[in-house]
>>> print(open('upload13.tsv').read())   # TSV, C-alpha atoms
chain	number	residue	atom	x	y	z
A	1	MET	CA	17.86	-6.69	-11.63
A	2	LYS	CA	14.37	-7.78	-10.62
A	3	SER	CA	12.31	-5.38	-8.51
A	4	MET	CA	8.69	-6.65	-8.46
A	5	LEU	CA	7.40	-9.13	-5.90
A	6	PRO	CA	4.03	-10.19	-4.42
A	7	ILE	CA	2.68	-8.79	-1.14
A	8	ALA	CA	0.57	-10.62	1.45
A	9	LEU	CA	-1.42	-9.34	4.42
A	10	SER	CA	-0.89	-11.20	7.70
A	11	ASN	CA	-4.10	-11.27	9.68
A	12	ARG	CA	-3.91	-11.57	13.47
A	13	HIS	CA	-2.60	-14.98	14.50
A	14	VAL	CA	-0.95	-16.92	17.29
A	15	HIS	CA	2.12	-19.17	17.41
A	16	LEU	CA	2.04	-21.53	20.40
A	17	SER	CA	4.71	-23.39	22.34
A	18	LYS	CA	4.23	-27.14	22.79
A	19	GLU	CA	3.60	-26.57	26.47
A	20	HIS	CA	0.83	-24.07	25.78
A	21	ILE	CA	-0.78	-26.34	23.15
A	22	GLN	CA	-1.13	-29.02	25.87
A	23	ILE	CA	-2.63	-26.53	28.34
A	24	LEU	CA	-5.10	-25.00	25.87
A	25	PHE	CA	-6.11	-28.15	23.96
A	26	GLY	CA	-5.29	-31.03	26.28
A	27	GLU	CA	-2.42	-33.45	26.90
A	28	ASP	CA	-0.71	-34.93	23.83
A	29	TYR	CA	-2.84	-32.77	21.54
A	30	GLU	CA	-1.49	-32.20	18.03
A	31	LEU	CA	-2.52	-29.18	15.95
A	32	ASN	CA	-4.40	-29.99	12.73
A	33	LYS	CA	-3.15	-28.45	9.52
A	34	MET	CA	-5.85	-26.62	7.59
A	35	LYS	CA	-3.66	-25.32	4.77
A	36	ASP	CA	-0.07	-24.63	3.90
A	37	LEU	CA	1.15	-21.04	3.93
A	38	SER	CA	3.41	-19.55	1.30
A	39	GLN	CA	6.49	-19.97	3.49
A	40	PRO	CA	7.64	-23.61	3.29
A	41	GLY	CA	6.86	-25.62	6.44
A	42	GLN	CA	4.45	-23.02	7.82
A	43	TYR	CA	0.72	-23.74	7.95
A	44	ALA	CA	-2.59	-22.42	9.21
A	45	CYS	CA	-4.26	-24.73	11.73
A	46	GLU	CA	-7.90	-25.58	12.12
A	47	GLU	CA	-7.66	-24.50	15.76
A	48	LYS	CA	-8.45	-21.02	17.05
A	49	ILE	CA	-8.22	-19.51	20.52
A	50	ASP	CA	-9.44	-16.38	22.27
A	51	VAL	CA	-6.94	-13.67	23.21
A	52	VAL	CA	-8.03	-11.61	26.22
A	53	GLY	CA	-6.66	-8.13	26.90
A	54	PRO	CA	-7.42	-5.57	29.62
A	55	LYS	CA	-10.23	-4.03	27.56
A	56	ASN	CA	-11.68	-6.69	25.25
A	57	THR	CA	-11.28	-10.14	23.79
A	58	LEU	CA	-10.24	-11.03	20.25
A	59	LYS	CA	-12.29	-14.15	19.68
A	60	GLY	CA	-11.29	-17.00	17.37
A	61	VAL	CA	-7.71	-16.01	16.59
A	62	ARG	CA	-6.15	-18.50	14.14
A	63	ILE	CA	-3.18	-20.61	15.25
A	64	LEU	CA	-0.26	-21.01	12.86
A	65	GLY	CA	1.95	-24.09	13.05
A	66	PRO	CA	4.31	-25.69	13.70
A	67	ALA	CA	4.85	-25.11	17.44
A	68	ARG	CA	7.47	-22.53	18.39
A	69	LYS	CA	9.81	-22.21	21.36
A	70	LYS	CA	7.75	-19.35	22.78
A	71	SER	CA	4.11	-18.45	22.26
A	72	GLN	CA	3.62	-15.25	20.28
A	73	VAL	CA	0.51	-13.23	19.41
A	74	GLU	CA	0.78	-11.10	16.25
A	75	ILE	CA	-1.87	-8.39	15.97
A	76	SER	CA	-2.33	-5.06	14.24
A	77	LEU	CA	-2.24	-1.77	16.15
A	78	THR	CA	-5.99	-1.58	15.46
A	79	ASP	CA	-6.38	-4.94	17.26
A	80	GLY	CA	-4.23	-3.48	20.05
A	81	PHE	CA	-6.81	-0.73	20.63
A	82	THR	CA	-9.51	-3.39	20.83
A	83	LEU	CA	-7.53	-5.50	23.31
A	84	GLY	CA	-6.35	-2.50	25.30
A	85	VAL	CA	-2.61	-3.03	24.82
A	86	VAL	CA	0.01	-1.29	22.69
A	87	PRO	CA	1.95	-3.97	20.81
A	88	PRO	CA	5.49	-2.88	19.92
A	89	VAL	CA	6.48	-3.18	16.26
A	90	ARG	CA	8.92	-6.11	16.31
A	91	ASP	CA	10.53	-8.77	14.18
A	92	SER	CA	9.05	-12.20	14.81
A	93	GLY	CA	10.59	-13.82	17.91
A	94	ASP	CA	11.74	-10.53	19.42
A	95	LEU	CA	9.33	-10.51	22.37
A	96	GLU	CA	11.25	-9.01	25.29
A	97	GLY	CA	9.22	-6.42	27.17
A	98	SER	CA	6.15	-6.81	24.95
A	99	PRO	CA	2.73	-6.96	26.63
A	100	GLY	CA	1.14	-10.24	27.70
A	101	ALA	CA	-2.40	-11.55	27.37
A	102	LYS	CA	-4.62	-14.36	28.53
A	103	LEU	CA	-5.05	-17.17	25.98
A	104	ILE	CA	-8.19	-19.29	26.22
A	105	GLY	CA	-8.55	-22.65	24.49
A	106	PRO	CA	-11.23	-25.33	24.68
A	107	LYS	CA	-9.48	-27.25	27.47
A	108	GLY	CA	-7.72	-24.57	29.46
A	109	GLU	CA	-6.23	-21.12	29.64
A	110	VAL	CA	-2.80	-19.62	30.14
A	111	GLU	CA	-1.54	-16.15	30.98
A	112	ILE	CA	1.50	-15.16	28.94
A	113	THR	CA	3.55	-12.34	30.47
A	114	GLU	CA	4.94	-11.21	27.11
A	115	GLY	CA	4.54	-12.05	23.44
A	116	VAL	CA	1.98	-9.64	21.98
A	117	ILE	CA	3.60	-7.79	19.08
A	118	ALA	CA	2.80	-6.04	15.81
A	119	ALA	CA	5.00	-7.70	13.19
A	120	ALA	CA	7.50	-5.38	11.50
A	121	ARG	CA	6.97	-5.31	7.74
A	122	HIS	CA	9.47	-7.55	5.97
A	123	ILE	CA	10.32	-9.42	2.81
A	124	HIS	CA	11.00	-13.15	2.67
A	125	MET	CA	13.41	-14.22	-0.05
A	126	HIS	CA	15.07	-17.42	-1.09
A	127	THR	CA	18.86	-17.24	-1.30
A	128	SER	CA	18.63	-17.36	-5.08
A	129	ASP	CA	16.15	-14.44	-5.13
A	130	ALA	CA	18.51	-12.21	-3.16
A	131	GLU	CA	21.04	-12.22	-6.00
A	132	GLN	CA	18.41	-11.44	-8.59
A	133	TYR	CA	17.05	-8.54	-6.55
A	134	GLY	CA	20.49	-7.25	-5.58
A	135	VAL	CA	19.90	-7.36	-1.81
A	136	LYS	CA	21.19	-9.36	1.15
A	137	ASP	CA	19.87	-10.62	4.47
A	138	LYS	CA	19.06	-7.81	6.95
A	139	ASP	CA	19.10	-5.09	4.30
A	140	ARG	CA	16.49	-2.35	4.72
A	141	VAL	CA	14.75	-1.36	1.50
A	142	LYS	CA	11.88	0.83	0.33
A	143	VAL	CA	8.86	-0.74	-1.34
A	144	ARG	CA	6.38	1.13	-3.55
A	145	VAL	CA	2.73	0.17	-3.80
A	146	ASN	CA	0.88	1.75	-6.71
A	147	GLY	CA	-2.81	2.63	-6.89
A	148	GLU	CA	-5.25	5.15	-5.45
A	149	ARG	CA	-3.76	4.60	-1.99
A	150	GLY	CA	-0.25	4.43	-3.38
A	151	LEU	CA	2.55	4.72	-0.86
A	152	VAL	CA	6.17	3.83	-0.23
A	153	PHE	CA	6.94	1.63	2.76
A	154	GLU	CA	10.34	2.61	4.12
A	155	ASN	CA	12.50	0.63	6.50
A	156	VAL	CA	11.43	-2.79	5.15
A	157	LEU	CA	13.58	-5.63	6.50
A	158	VAL	CA	14.87	-8.18	3.98
A	159	ARG	CA	15.14	-11.75	5.31
A	160	VAL	CA	17.03	-14.19	3.11
A	161	HIS	CA	17.02	-17.95	3.76
A	162	LYS	CA	17.06	-21.14	1.72
A	163	ASP	CA	13.69	-22.08	3.25
A	164	TYR	CA	11.95	-18.82	2.33
A	165	ALA	CA	9.66	-18.08	-0.59
A	166	LEU	CA	9.56	-14.67	-2.24
A	167	GLU	CA	6.88	-12.50	-0.57
A	168	MET	CA	6.49	-9.22	1.28
A	169	HIS	CA	4.50	-9.42	4.52
A	170	VAL	CA	2.57	-6.52	6.02
A	171	ASP	CA	-0.14	-6.50	8.65
A	172	VAL	CA	-3.78	-5.68	7.98
A	173	ASP	CA	-3.42	-1.98	8.91
A	174	GLU	CA	-0.55	-1.61	6.45
A	175	GLY	CA	-2.30	-3.58	3.73
A	176	ASN	CA	-5.48	-1.55	4.09
A	177	ALA	CA	-3.56	1.73	4.22
A	178	ALA	CA	-2.21	0.84	0.79
A	179	ALA	CA	-5.49	-0.79	-0.33
A	180	VAL	CA	-3.70	-3.93	-1.47
A	181	LYS	CA	-4.85	-7.53	-1.45
A	182	ASN	CA	-2.86	-10.75	-1.28
A	183	GLY	CA	-0.81	-11.28	-4.41
A	184	TYR	CA	-0.67	-7.64	-5.54
A	185	MET	CA	2.72	-6.88	-7.04
A	186	VAL	CA	4.87	-4.25	-5.33
A	187	GLU	CA	8.25	-2.77	-6.22
A	188	ILE	CA	11.54	-2.66	-4.36
A	189	ILE	CA	13.07	0.79	-4.82
A	190	LYS	CA	16.83	1.08	-4.82
B	1	MET	CA	8.95	27.25	1.98
B	2	LYS	CA	7.32	25.41	4.89
B	3	SER	CA	6.98	21.63	4.65
B	4	MET	CA	6.06	20.28	8.11
B	5	LEU	CA	2.47	19.97	9.32
B	6	PRO	CA	0.53	17.98	11.94
B	7	ILE	CA	-1.31	14.75	11.14
B	8	ALA	CA	-4.56	13.51	12.69
B	9	LEU	CA	-6.27	10.12	12.59
B	10	SER	CA	-9.98	10.15	11.77
B	11	ASN	CA	-11.74	7.36	13.61
B	12	ARG	CA	-14.95	5.94	12.16
B	13	HIS	CA	-17.76	8.48	12.28
B	14	VAL	CA	-21.10	9.47	10.77
B	15	HIS	CA	-22.41	12.70	9.29
B	16	LEU	CA	-26.23	12.84	9.30
B	17	SER	CA	-28.77	14.75	7.26
B	18	LYS	CA	-31.39	16.75	9.19
B	19	GLU	CA	-34.04	14.29	8.03
B	20	HIS	CA	-32.11	11.31	9.39
B	21	ILE	CA	-31.41	13.07	12.71
B	22	GLN	CA	-35.18	13.38	13.18
B	23	ILE	CA	-35.75	9.71	12.31
B	24	LEU	CA	-32.96	8.38	14.54
B	25	PHE	CA	-33.35	10.74	17.52
B	26	GLY	CA	-36.91	12.07	17.28
B	27	GLU	CA	-38.70	15.06	15.85
B	28	ASP	CA	-37.05	18.48	16.33
B	29	TYR	CA	-34.03	16.83	17.91
B	30	GLU	CA	-30.82	18.90	17.93
B	31	LEU	CA	-27.39	17.25	18.16
B	32	ASN	CA	-25.38	18.14	21.26
B	33	LYS	CA	-21.84	19.36	20.77
B	34	MET	CA	-19.31	17.43	22.85
B	35	LYS	CA	-16.18	19.17	21.56
B	36	ASP	CA	-14.92	21.26	18.69
B	37	LEU	CA	-12.75	19.59	16.06
B	38	SER	CA	-9.66	21.17	14.55
B	39	GLN	CA	-11.55	22.25	11.43
B	40	PRO	CA	-13.51	25.45	12.24
B	41	GLY	CA	-17.26	24.85	12.61
B	42	GLN	CA	-16.93	21.05	12.82
B	43	TYR	CA	-17.62	19.27	16.11
B	44	ALA	CA	-17.95	15.85	17.70
B	45	CYS	CA	-21.43	15.22	19.12
B	46	GLU	CA	-22.40	13.44	22.30
B	47	GLU	CA	-24.66	11.19	20.21
B	48	LYS	CA	-23.66	7.83	18.77
B	49	ILE	CA	-25.52	5.38	16.58
B	50	ASP	CA	-25.12	1.78	15.46
B	51	VAL	CA	-24.15	1.04	11.86
B	52	VAL	CA	-25.38	-2.36	10.65
B	53	GLY	CA	-23.80	-4.16	7.70
B	54	PRO	CA	-24.48	-7.55	6.10
B	55	LYS	CA	-22.02	-9.27	8.43
B	56	ASN	CA	-21.81	-7.33	11.68
B	57	THR	CA	-22.68	-4.13	13.51
B	58	LEU	CA	-20.33	-1.29	14.42
B	59	LYS	CA	-21.80	-0.18	17.72
B	60	GLY	CA	-21.61	3.34	19.09
B	61	VAL	CA	-20.27	5.18	16.06
B	62	ARG	CA	-19.71	8.86	16.86
B	63	ILE	CA	-21.75	11.51	15.04
B	64	LEU	CA	-19.95	14.62	13.78
B	65	GLY	CA	-21.85	17.88	13.34
B	66	PRO	CA	-23.24	20.01	11.92
B	67	ALA	CA	-25.87	18.23	9.80
B	68	ARG	CA	-24.99	17.63	6.14
B	69	LYS	CA	-27.09	17.46	2.99
B	70	LYS	CA	-26.61	13.69	2.80
B	71	SER	CA	-25.80	11.18	5.51
B	72	GLN	CA	-22.32	9.69	5.19
B	73	VAL	CA	-20.53	6.92	7.11
B	74	GLU	CA	-16.72	7.14	7.13
B	75	ILE	CA	-15.00	3.90	8.11
B	76	SER	CA	-11.64	2.23	7.61
B	77	LEU	CA	-11.19	-0.77	5.31
B	78	THR	CA	-10.68	-2.81	8.49
B	79	ASP	CA	-14.13	-1.65	9.66
B	80	GLY	CA	-15.43	-2.62	6.21
B	81	PHE	CA	-14.35	-6.23	6.81
B	82	THR	CA	-16.21	-6.16	10.12
B	83	LEU	CA	-19.38	-4.76	8.55
B	84	GLY	CA	-19.15	-6.95	5.48
B	85	VAL	CA	-18.91	-4.16	2.89
B	86	VAL	CA	-16.06	-2.76	0.80
B	87	PRO	CA	-16.08	1.02	1.18
B	88	PRO	CA	-14.58	2.81	-1.82
B	89	VAL	CA	-11.79	5.29	-1.08
B	90	ARG	CA	-13.47	8.64	-1.73
B	91	ASP	CA	-13.29	12.33	-0.99
B	92	SER	CA	-15.90	13.44	1.53
B	93	GLY	CA	-19.29	13.98	-0.14
B	94	ASP	CA	-18.50	11.79	-3.17
B	95	LEU	CA	-20.94	9.00	-2.36
B	96	GLU	CA	-22.32	7.80	-5.70
B	97	GLY	CA	-22.36	4.03	-5.99
B	98	SER	CA	-20.93	3.47	-2.48
B	99	PRO	CA	-22.51	0.77	-0.29
B	100	GLY	CA	-25.39	1.49	2.07
B	101	ALA	CA	-26.05	0.42	5.65
B	102	LYS	CA	-28.74	0.42	8.28
B	103	LEU	CA	-28.37	3.18	10.88
B	104	ILE	CA	-29.97	2.62	14.29
B	105	GLY	CA	-30.60	5.43	16.76
B	106	PRO	CA	-32.45	5.50	20.08
B	107	LYS	CA	-35.75	6.54	18.47
B	108	GLY	CA	-35.69	4.86	15.08
B	109	GLU	CA	-33.72	3.41	12.24
B	110	VAL	CA	-33.08	4.22	8.61
B	111	GLU	CA	-31.64	2.30	5.69
B	112	ILE	CA	-29.29	4.38	3.56
B	113	THR	CA	-28.75	3.03	0.04
B	114	GLU	CA	-25.33	4.64	-0.31
B	115	GLY	CA	-22.91	6.67	1.81
B	116	VAL	CA	-20.40	4.24	3.31
B	117	ILE	CA	-16.90	5.31	2.26
B	118	ALA	CA	-13.26	5.19	3.35
B	119	ALA	CA	-12.08	8.80	3.33
B	120	ALA	CA	-9.25	9.53	0.91
B	121	ARG	CA	-6.20	10.90	2.73
B	122	HIS	CA	-6.02	14.68	2.42
B	123	ILE	CA	-4.55	17.87	3.79
B	124	HIS	CA	-6.64	20.81	5.01
B	125	MET	CA	-5.01	24.21	4.59
B	126	HIS	CA	-6.01	27.78	5.13
B	127	THR	CA	-5.59	30.01	2.08
B	128	SER	CA	-2.64	31.70	3.76
B	129	ASP	CA	-0.96	28.32	4.42
B	130	ALA	CA	-1.11	27.34	0.76
B	131	GLU	CA	1.23	30.17	-0.18
B	132	GLN	CA	3.70	29.29	2.56
B	133	TYR	CA	3.74	25.61	1.54
B	134	GLY	CA	3.85	26.37	-2.18
B	135	VAL	CA	0.76	24.35	-3.09
B	136	LYS	CA	-2.76	25.09	-4.33
B	137	ASP	CA	-6.23	23.60	-3.97
B	138	LYS	CA	-6.59	20.12	-5.53
B	139	ASP	CA	-2.83	19.56	-5.81
B	140	ARG	CA	-1.65	16.01	-5.15
B	141	VAL	CA	1.45	15.80	-2.96
B	142	LYS	CA	3.59	13.20	-1.21
B	143	VAL	CA	3.89	13.20	2.55
B	144	ARG	CA	6.67	11.51	4.53
B	145	VAL	CA	6.17	10.09	8.00
B	146	ASN	CA	9.37	9.27	9.87
B	147	GLY	CA	9.89	6.58	12.50
B	148	GLU	CA	10.15	2.81	12.72
B	149	ARG	CA	7.10	2.47	10.47
B	150	GLY	CA	8.25	5.31	8.27
B	151	LEU	CA	6.51	5.62	4.93
B	152	VAL	CA	5.61	8.08	2.20
B	153	PHE	CA	1.93	8.61	1.46
B	154	GLU	CA	1.56	9.38	-2.24
B	155	ASN	CA	-1.45	10.85	-3.97
B	156	VAL	CA	-2.44	13.10	-1.03
B	157	LEU	CA	-5.13	15.63	-1.95
B	158	VAL	CA	-4.59	19.23	-0.86
B	159	ARG	CA	-7.75	21.13	0.04
B	160	VAL	CA	-7.38	24.89	0.48
B	161	HIS	CA	-10.15	27.05	1.96
B	162	LYS	CA	-10.41	30.13	4.15
B	163	ASP	CA	-12.33	28.04	6.71
B	164	TYR	CA	-9.71	25.27	6.97
B	165	ALA	CA	-7.02	24.78	9.58
B	166	LEU	CA	-3.67	23.21	8.72
B	167	GLU	CA	-3.82	19.44	9.25
B	168	MET	CA	-3.37	16.19	7.35
B	169	HIS	CA	-6.16	13.64	7.81
B	170	VAL	CA	-5.71	9.89	7.47
B	171	ASP	CA	-7.91	7.05	8.64
B	172	VAL	CA	-7.02	4.66	11.44
B	173	ASP	CA	-5.56	2.00	9.11
B	174	GLU	CA	-3.27	4.59	7.57
B	175	GLY	CA	-2.30	6.11	10.91
B	176	ASN	CA	-1.50	2.70	12.38
B	177	ALA	CA	0.41	1.62	9.28
B	178	ALA	CA	2.70	4.60	9.91
B	179	ALA	CA	2.50	4.24	13.72
B	180	VAL	CA	1.60	7.91	14.17
B	181	LYS	CA	-0.61	9.59	16.72
B	182	ASN	CA	-2.60	12.80	16.55
B	183	GLY	CA	-0.32	15.81	16.33
B	184	TYR	CA	2.76	14.02	14.97
B	185	MET	CA	4.55	16.22	12.47
B	186	VAL	CA	4.83	14.99	8.90
B	187	GLU	CA	6.56	16.44	5.83
B	188	ILE	CA	5.26	17.46	2.43
B	189	ILE	CA	7.76	16.30	-0.20
B	190	LYS	CA	8.06	18.34	-3.35
>>> encode(input="upload13.tsv", output="structure tokens")
Amino acid sequence: MKSMLPIALSNRHVHLSKEHIQILFGEDYELNKMKDLSQPGQYACEEKIDVVGPKNTLKGVRILGPARKKSQVEISLTDGFTLGVVPPVRDSGDLEGSPGAKLIGPKGEVEITEGVIAAARHIHMHTSDAEQYGVKDKDRVKVRVNGERGLVFENVLVRVHKDYALEMHVDVDEGNAAAVKNGYMVEIIK
Amino acid sequence: MKSMLPIALSNRHVHLSKEHIQILFGEDYELNKMKDLSQPGQYACEEKIDVVGPKNTLKGVRILGPARKKSQVEISLTDGFTLGVVPPVRDSGDLEGSPGAKLIGPKGEVEITEGVIAAARHIHMHTSDAEQYGVKDKDRVKVRVNGERGLVFENVLVRVHKDYALEMHVDVDEGNAAAVKNGYMVEIIK
């Protein structure tokens, strides 16, 4: 059985609905791809927006494409202190009851009533990986990070899909707590 | 044997030498205690200073008293990105080869050539606690945090002294990675 896989830190970012792209960037605007991300079909855009909370503004937050059904702001708990909101720890897309924010683009602004979350740590795996690692979709596993800030992340969600590439995702707080950088190898513990 | 103890998050802060207090706040200046900290004899001061790095400034960083032999800036790795330096993960006082910064107070400024660190996670214990928890000074232990962001901190330094009060200290990145707040109970794992 395989157990080692690469980790990546997700910095704060925004997914936008088509409707919100038009409001923030203008009618018929299309996001411009800056670079592909490790997950097939996902990409970082050249565009950034400001996210305004009750206390402060996070300026220049990167947009990830393509457009989603609902706009979603993924920040760390540290970012939450800056903004003045407490983002719940959620799986992507699970936005109910999360705090809102004001989003400001070059052509307009929009107030979202929910959508600010801290992404729950998770592992992306292709269907063929799942067999090799002896896990299945929605499993919860432990993952060890070695080093001077070594730790074991518990309660890590496994997400298996034919469009996924093998990678563990944590946010910046979690990555820094373990003192890891993108591409460091970590270990699934059975 | 006892195993549970409270955790506390250390936000960014500065310890200053007497010489630097005079430079930053004026001759014969004495720091003003705002409140006592959990460790006997340690206190948060009313005074704050700005810490300037190559990339940005951390404004209003709290000073902790009393004065130390050498000035020391304790920040998270997230703060390090903001400043534009990479603080090594160190025990308090172990400053050799760490990055410097410019410190700006109301009456002057000083450039320190080293002293910017990320504090290594550790546990403070009174001598009498050590017996009850079955550990001794300089032991390395594992500590479990429960909850939705449950994890196990490995490589946690135990510091035993008759002037210490029982508490685990982590920085803000580590606290947020585990989604804990001050006073949450965590567990030493043997």
>>> interface_residues(input="upload13.tsv", of="chain A", to="chain B", cutoff="6 Å", atoms="all atoms listed in the file", output="list in words")
Leu77, Gly150, Leu151, Val152, Phe153, Glu154, Asp173, Glu174, Asn176 and Ala177 of chain A
>>> residues_around(input="upload13.tsv", residues="Asp28 of chain B", least_positions_apart="6", cutoff="12 Å", atoms="all atoms listed in the file", output="list in words")
Lys18, Glu19, His20, Ile21 and Gln22 of chain B
>>> closest_atom_pairs(input="upload13.tsv", of="segment 89-173 of chain B", to="segment 43-61 of chain B", cutoff="6 Å", atoms="only C-alpha atoms", output="JSON lines")
{"residue": "B:Ala101", "atom": "CA", "partner": "B:Gly53", "partner_atom": "CA", "distance": 5.5}
{"residue": "B:Lys102", "atom": "CA", "partner": "B:Val52", "partner_atom": "CA", "distance": 5.0}
{"residue": "B:Leu103", "atom": "CA", "partner": "B:Val51", "partner_atom": "CA", "distance": 4.8}
{"residue": "B:Ile104", "atom": "CA", "partner": "B:Asp50", "partner_atom": "CA", "distance": 5.1}
{"residue": "B:Gly105", "atom": "CA", "partner": "B:Ile49", "partner_atom": "CA", "distance": 5.1}
>>> atom_distance(input="upload13.tsv", atom1="atom CA of Arg140 of chain A", atom2="atom CA of Leu157 of chain A")
4.7 Å
>>> atom_distance(input="upload13.tsv", atom1="atom CA of Gly97 of chain B", atom2="atom CA of Glu167 of chain B")
28.5 Å
>>> residues_around(input="upload13.tsv", residues="Gly26 of chain A", least_positions_apart="5", cutoff="9 Å", atoms="only C-alpha atoms", output="PyMOL selection string")
chain A and resi 21+106-108
>>> closest_residue(input="upload13.tsv", among="A:Asp94, A:Asp139, A:Asp36, A:Glu27", to="Leu64 of chain A", atoms="all atoms listed in the file")
A:Asp36
>>> closest_residue(input="upload13.tsv", among="A:Val180, A:Val110, A:Val135, A:Val141", to="Ile23 of chain A", atoms="all atoms listed in the file")
A:Val110
>>> closest_residue(input="upload13.tsv", among="B:Glu74, B:Glu30, B:Asp163, B:Glu96", to="Met125 of chain B", atoms="all atoms listed in the file")
B:Asp163
>>> atom_distance(input="upload13.tsv", atom1="atom CA of His161 of chain B", atom2="atom CA of Pro6 of chain B")
17.2 Å
